[in-house]
Every structure is written in structure tokens, then in C-alpha cells.
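Before any comments, here is the structure.
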Amino acid sequence: MTDLTPIPATLCDAFQRTAAVAPDTVALRTVGATRTVTWRALAEDVRLLAAGLAELGVRRGDTVALLMTNRVEFFPVDLAAQHLGAIPFSVYNTLPAAQLAHVLRNSGSRVMVCETQYLPVVRESGVALEHLILVDGEEAKPAAGTLSLEILRARGRANTSFDFDAAWRAVQPDDVLTLIYTSGTTGPSKGVEITHANVLAQAAGVAQVLDFRFGDRTTSYLPSAHVVDRFTCLYAQAIFGVQVTVVPDIKEIGKALPDCRPTIWCAVPRVWNKIRQAVELGIENEPDTTRRGAVGAALETGLRRTRLLQAGMPVDDELAAAYAEADAGVLSALRSRLGLDQVRWAVTGAAPTPPATLEFFAALGVPICEGWGMSELSCFGAVSPPARARFGTIGMLLPGLEARRAADGELLVRGPSVAKGYRNDPDRTREAFDRDGWFHTGDVIVSDADDYLTIVDRKKDLIINEGGKNISPVTVETALTTASPLIGTAVAIGDSRPYITALLVLDAEAAAAFAAEYGLQPDPRSLARNPLLIDALRAAVAEGNSRLARVEQVKRFRVIPAYWDATSDELTATLKLKRQKVAEKYDADIAALYAGPIPSDIHEPADH
């Protein structure tokens, strides 16, 4: 945390202290610095918006729903609600009306702050809201039944009887700070109730592992409804003084990084994989053979050094000198071009990251490690500093937490950052949080002699084939998606079946590049039937199988003639598989994978 003492009791307390450290420095900015907000201006806006919300009747314990893209206004609005003791929470902006209605009703929201573009889905949800505030509404002519943010500020200025300091000082550590709605991979989403004390305990634990400093820079580009963005941006800003650059479109993160030049950064595996593929494609297409050879040799030197360090072996003087030369001559310039040249630590998580991707960035000189966490743990549950990272593991349990393993291998966690439970859902709360304070994570884990943890799979997702063998679908899917950039998503099938099969979904960008190279139409329906692409996928599945045990290997696959993204039925907003939804929607496709004779649109790996 900052050097301020005593330890803050609430996030409001933390923000007030942090905002006073260097009030004229920048706290928030947009890409290109087209807009910047100092700590002083941010603190003043929080005070004004809090007064405006209070004038609308928002009180301690009320919920305030936020539905918007990553933007500057999110921060003062959320902070203002916090300072009233209210419970601001973010809604995934990809939710259809029915799911939005569930979230609003479950949370008990009376007030929503959103962007104009989401008004249709809000109204389609049918939930009656007392106040609907538009962050991008015109001051003079807001949409019917709404208020603009400027009108809210005007009400704040007029609310002269409001005692801002008394309001935030009345907030208690055990008050609910926010709700994080789960992705809904196994049913209706649950609202995880996270308190001020939970987040401060999380911060205290993380600060013992990862180095946060006032003035650190990062990007807000993941959904603010996701606990990672909320903790590493909004809460890390309030507690540690992190400067945040907002990036409204995740597809623009590659352009945003050289502008922000983050000092700390978190990304999901798909983002890391995309950056790696872009670098490798750039090297492959480099017309200067000397330059291409130099970059390849530098990365190879970095890779040899990384593998020795990962194996706990010494790096001899000759390799150390070669790496220093490669870094000075090639790697540092490459990091700078990517915008990762000032990163002190970087974390990947939310899904397994291919070891080859971790090795690539470590070889490049990016200090990277893999972490693990859950909304119910207030973010991180395990992580290690990059210097002590062991690729293929999620690191060690966060300080302040204790863990034990159930008889079936499930990881149970207890500690001050464990959430209160699920909003208005006592039955599922009792299922996940037992009387002794243990949270049942649903993750099956193993640990090594040094207490590094490895997640084997989700307990409910394990495939048990008809021979009784337990198979990790994630292991199979990772082997396939890393075998070729063409495979954007793989779904392993095989529960109570004689062998493993898979549904494959093309990566839209890689498929477009493949189509351009061979003069094909890029639409997924035609590509899914194209012999050239099928041959490429047959080879990729064979390559993936070579990394798997025989019982895990994919015997047949089918290409789904569509691209999946965060708006698709099959994926959550954080790009996790909705396995139950896939099983229901593609029931006929799955049955065809086990049909005989083999249908024409079912394929086998090249080495079959």
C-alpha cells in the first residue's frame, strides 16, 4: 500500500488518503491523453456526484448498477456511490434483456448509470428503475425518463445540506462494497458480495507478492464487471495510486499499450496469445533476412536462458553475455515497440496459459507469471512474483489465505478476502461457503513439494469416459488451441463416451488471413467446408494429439460454421465456455461425432 498510516478501514478511506498524496498528478486518462483527470479533479467529482446521488435518495446499502464500456466516467461514478455506503456494481454490457433483468432484480437495483447505446436492452428487460442516468446524455435534452451526468452534478451542487465527509466516514469495513456477478457457466449468474474488508485484505496479501507503487500505470480494457479489472484498476487506483488508461475496445489494446506503457499489467491468455502471434507473424514476414535472423536468434537465446532459470539451473557467463547482447541489440527494441518495455510485472490468468506463450514473453524480457483467482476470493487466490514463477503452475497461495484439499482433490480456501456469499441466494451460499468458513472453489488441484499449485480442472467439468477414466477437457482444449492459430475455441467431448471428440470454432482473424492467402471467402460457413482449411485443421489436431496421453487424444472433430465472441450464446463475457449451453445447442452435432458411418462433415486427425 502507500506509506500512509494507519491502514485504511474502507475503500473510501483509502481513496481519500491516496488522492491527497500528489493531487495534481494524473489519475485517469484516455489513449493519446485526449482527456486526463488529476487526482484533485477526480476527488472533487466524486464529492459532487455523491451529493447528486444522495439527492436522488441513494443511501447506505442501496445498489447502483453500472452498464457502460471502459470509460473515464465509470471511476468517479463508482467511487461516488462507494462514498455513500451504497453498493455500485458493473453489469456485462453483452447481457441480453432476460439476463439483465435477472441481475437487476437479484441485486435490488433502483438506480442505473449507463450509456445511451444500452437504453434499448435496459427497457426491454422490463425492470422498473427509479432513476436512469446517462453518462453520455446531452445536458439539455436527455432521453425521455433519464438524467444526464451533468444534471446529476447540478443536483449535487444544489444539495448544500449533504455532509460528504460524514457519509463516507459512516461506511464500515463489513459493508458490502460491490457485487460481482459470475459468468453463468453452470446456471443463472450469482452475485458475489464483496466487502470493503475483503478487498483491503486482498490488497494487503497481493502487495506482499506483487510490487504496487504510487504512479504505476495500467490499462482498463477488460469488462469492469470482471473482478480482475475492478481490482487491478478501480481498487488498485484507490489503494495504491495506480494511474489508469481506459481502453473502450479490447481489440484496440495492441495500439493502447505503446501509448500507456504500463508498469504493471494483467491480461487473459487470449490477449497474450494474440500478441505473441502478431510478433511471430511480423518476424515471419520480415523481408530483411538479416533482420529476421537476428530477431529469431535473440529470441532463441532468451528462450535458452528462460528454460535454464525455470529448471532451477545456473546461467553460465557465456549465455548471460549473449543474452545481454541480444537484449540490448534486439529484444529491448521489440518490447518498446509492443509498449511492454517498462513493465515490472505482468500476470496472466482466468484460463490456462500455454507454457510456450509464457516462455515466449519471458524470453522477450517481459516479467510474466501465471495467477489464479475467483470473484469469491475478491480476485487473486494464488500468484508468485515473476522472478519465482514456475510456468505451468498458478504460483503459491496468497498470503493471508489458508487452504486444504478435499478427498476428491477440490481446493478449499479460507481467509479474510473470502466473500460474504451470494446476493439473495442462501441455498447456493450454503453449498459454496461452509460453516467453518471454507470456500469450496470447485477447482481440482495438486501441489508440489514447494507448495506451488497446479489447477487440474474444474470439478464439475471433468470428463469421465465410458471406461471410467477421468480426463481434463481443459488439457485437451489447450493442446488443440495452441496447435494452430486457426483454432479459436475447442470444446472437448467424451463424457460417458468411448473416446474423445471435439467441436472446433475458427479464430476470426486467423481464418480471414488464411482465406486471403488462398483466395477463399472468409465467411465461416464456406470455410468450414473448404478442403484446404480442413486439411490444415486435421494437421493441427494431429499436432495437438501428440502432446496428449492416448486416452485424451481427439479421434474426430467437427468445425462449427460460426465465429464465437463475447456476444455469442456459447461464451461468457469473459470468453469462458458455457459447457451446458454448448451441450444443449449442439446436441445433434455431438451425436454425429459418434455416428457410423462417419458423416461427411466429421473429420479425423491427419495421422489417424
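Labels for the C-alpha cells follow display order: chains A, B, ..., residues from 1 in each chain, ligands from 1.
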
Legend entry - Near-segment 328-332 of chain A list (9 Å; only C-alpha atoms; drop same-chain fewer than 2 positions) as a ChimeraX atom specification: /A:294-295,298-299,302,323-326,334-337,341,363-365

Residues from last step as file, C-alpha atoms, as a short mmCIF file (atom, residue, chain, number, x, y, z; two decimals), in the first residue's frame:
data_model
loop_
_atom_site.label_atom_id
_atom_site.label_comp_id
_atom_site.auth_asym_id
_atom_site.auth_seq_id
_atom_site.Cartn_x
_atom_site.Cartn_y
_atom_site.Cartn_z
CA ALA A 294 18.80 -11.50 -35.73
CA VAL A 295 15.37 -11.37 -34.08
CA ALA A 298 17.79 -13.18 -29.96
CA LEU A 299 14.54 -14.90 -29.00
CA GLY A 302 16.23 -15.68 -24.43
CA TYR A 323 21.53 -12.62 -23.60
CA ALA A 324 22.70 -9.15 -22.54
CA GLU A 325 23.86 -8.52 -26.11
CA ALA A 326 20.57 -9.86 -27.54
CA LEU A 334 10.91 -5.23 -29.60
CA ARG A 335 9.50 -4.73 -26.09
CA SER A 336 9.42 -0.99 -26.70
CA ARG A 337 7.52 -1.41 -29.95
CA ASP A 341 9.32 -2.10 -22.12
CA ALA A 363 12.43 -14.87 -23.42
CA LEU A 364 11.40 -11.47 -24.73
CA GLY A 365 12.23 -9.99 -21.33
#

Inset, instruction - Go through segment 13-198 of chain A and collect every residue that DSSP, computed from the backbone, puts in strand (DSSP E or B); the answer should be as number ranges by chain. - result: A: 26-30, 36-38, 63-67, 87-90, 111-114, 131-134, 147-148, 176-181, 191-195

Inset, instruction - List every residue of segment 325-456 of chain A that DSSP, applied to the backbone of this structure, places in alpha helix (DSSP H), and write the result as a ChimeraX atom specification. - result: /A:325-326,332-338,355-364,426-432

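Using only C-alpha atoms, the protein and nucleic acid residues lying no more than 9 Å from Arg529 of chain A, apart from those fewer than 3 places from it along its own chain, are Pro524, Arg525, Ser526, Leu532, Leu533, Ile534, Val559, Pro561 and Asp601 of chain A.
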
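Those residues that approach Phe231 of chain A to within 10 Å, counting only C-alpha atoms, are Val199, Gln202, Ala203, Ser224, His226, Val227, Val228, Leu234, Tyr235, Ala236, Gln237, Ala238, Ile239, Ser378, Cys379 and Phe380 of chain A; same-chain residues fewer than 3 positions away are not listed.
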
Write the residues of the selection above to a file with C-alpha atoms, as a JSON list (two decimals), in the first residue's frame.
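So selection29.json came out as:
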[["chain", "number", "residue", "atom", "x", "y", "z"],
["A", 199, "VAL", "CA", -10.81, -6.01, -0.83],
["A", 202, "GLN", "CA", -6.85, -8.89, -0.85],
["A", 203, "ALA", "CA", -4.72, -5.80, -1.40],
["A", 224, "SER", "CA", -15.44, -3.69, -15.40],
["A", 226, "HIS", "CA", -14.98, -8.75, -14.09],
["A", 227, "VAL", "CA", -13.19, -8.87, -10.75],
["A", 228, "VAL", "CA", -9.74, -8.58, -12.36],
["A", 234, "LEU", "CA", -10.53, 0.78, -9.79],
["A", 235, "TYR", "CA", -9.46, -0.61, -6.42],
["A", 236, "ALA", "CA", -5.71, -0.59, -7.08],
["A", 237, "GLN", "CA", -6.08, 3.04, -8.06],
["A", 238, "ALA", "CA", -7.83, 3.91, -4.78],
["A", 239, "ILE", "CA", -5.49, 1.86, -2.59],
["A", 378, "SER", "CA", -12.03, -10.89, -4.13],
["A", 379, "CYS", "CA", -9.63, -11.51, -7.04],
["A", 380, "PHE", "CA", -6.32, -13.35, -6.58]]

Legend entry - Spatial neighbours of Gly241 of chain A, 12 Å, only C-alpha atoms, chain gap at least 4 places, as a ChimeraX atom specification: /A:1-4,14-23,25-28,38-39,212-218,232-237

Mind checking which residues fall within 9 Å of Leu398 of chain A, counting only C-alpha atoms, ignoring those fewer than 2 positions away in the same chain, and posting them as a short mmCIF file (atom, residue, chain, number, x, y, z; two decimals) with N, CA, C and O atoms, in the first residue's frame?
data_model
loop_
_atom_site.label_atom_id
_atom_site.label_comp_id
_atom_site.auth_asym_id
_atom_site.auth_seq_id
_atom_site.Cartn_x
_atom_site.Cartn_y
_atom_site.Cartn_z
N GLN A 202 -7.42 -8.47 0.43
CA GLN A 202 -6.85 -8.89 -0.85
C GLN A 202 -5.64 -8.03 -1.22
O GLN A 202 -4.59 -8.53 -1.60
N GLY A 205 -2.60 -8.81 0.91
CA GLY A 205 -1.94 -10.04 0.51
C GLY A 205 -1.18 -9.90 -0.78
O GLY A 205 -0.01 -10.31 -0.90
N VAL A 206 -1.81 -9.29 -1.79
CA VAL A 206 -1.17 -9.12 -3.10
C VAL A 206 0.07 -8.25 -2.99
O VAL A 206 1.09 -8.50 -3.65
N GLN A 208 2.23 -8.13 -0.81
CA GLN A 208 3.39 -8.87 -0.33
C GLN A 208 4.04 -9.71 -1.42
O GLN A 208 5.13 -10.24 -1.24
N VAL A 209 3.36 -9.81 -2.56
CA VAL A 209 3.86 -10.65 -3.65
C VAL A 209 4.19 -9.82 -4.88
O VAL A 209 5.26 -9.97 -5.49
N PHE A 380 -7.37 -12.33 -6.58
CA PHE A 380 -6.32 -13.35 -6.58
C PHE A 380 -6.48 -14.35 -5.44
O PHE A 380 -6.82 -14.00 -4.32
N GLY A 381 -6.21 -15.62 -5.76
CA GLY A 381 -6.12 -16.65 -4.74
C GLY A 381 -4.72 -17.21 -4.66
O GLY A 381 -4.27 -17.64 -3.60
N ALA A 382 -4.00 -17.16 -5.77
CA ALA A 382 -2.62 -17.63 -5.82
C ALA A 382 -1.88 -16.87 -6.91
O ALA A 382 -2.43 -16.58 -7.96
N VAL A 383 -0.63 -16.55 -6.65
CA VAL A 383 0.24 -15.88 -7.61
C VAL A 383 1.64 -15.87 -7.04
O VAL A 383 1.82 -16.00 -5.81
N SER A 384 2.62 -15.76 -7.88
CA SER A 384 4.01 -15.65 -7.43
C SER A 384 4.68 -14.51 -8.19
O SER A 384 4.29 -14.21 -9.33
N GLY A 395 1.33 -20.59 -9.16
CA GLY A 395 2.06 -19.95 -8.07
C GLY A 395 1.65 -20.50 -6.72
O GLY A 395 1.13 -21.60 -6.60
N MET A 396 1.91 -19.70 -5.71
CA MET A 396 1.63 -20.11 -4.33
C MET A 396 0.43 -19.35 -3.78
O MET A 396 0.10 -18.26 -4.24
N GLY A 400 -2.15 -14.63 3.77
CA GLY A 400 -3.40 -14.33 4.43
C GLY A 400 -4.47 -15.37 4.21
O GLY A 400 -5.49 -15.39 4.89
N LEU A 401 -4.24 -16.26 3.22
CA LEU A 401 -5.20 -17.33 2.95
C LEU A 401 -4.65 -18.66 3.46
O LEU A 401 -3.44 -18.86 3.54
N GLU A 402 -5.54 -19.54 3.81
CA GLU A 402 -5.16 -20.92 4.10
C GLU A 402 -5.99 -21.84 3.23
O GLU A 402 -7.09 -21.48 2.80
#

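For segment 315-319 of chain A, the set of protein, DNA and RNA residues having any atom at most 10 Å away, when counting only C-alpha atoms and skipping those fewer than 2 positions along the same chain, is Thr301, Gly302, Arg304, Arg305, Thr306, Arg307, Leu308, Leu309, Gly312, Met313, Ala321, Ala322, Tyr323, Ala324 and Glu325 of chain A.
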
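Separating atom CA of Ile250 of chain A from atom CA of Asn70 of chain A is a distance of 9.3 Å.
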
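Across A:Val58, A:Ile194, A:Leu503, A:Gln553, the tightest approach to Tyr586 of chain A is made by A:Leu503 when counting only C-alpha atoms.
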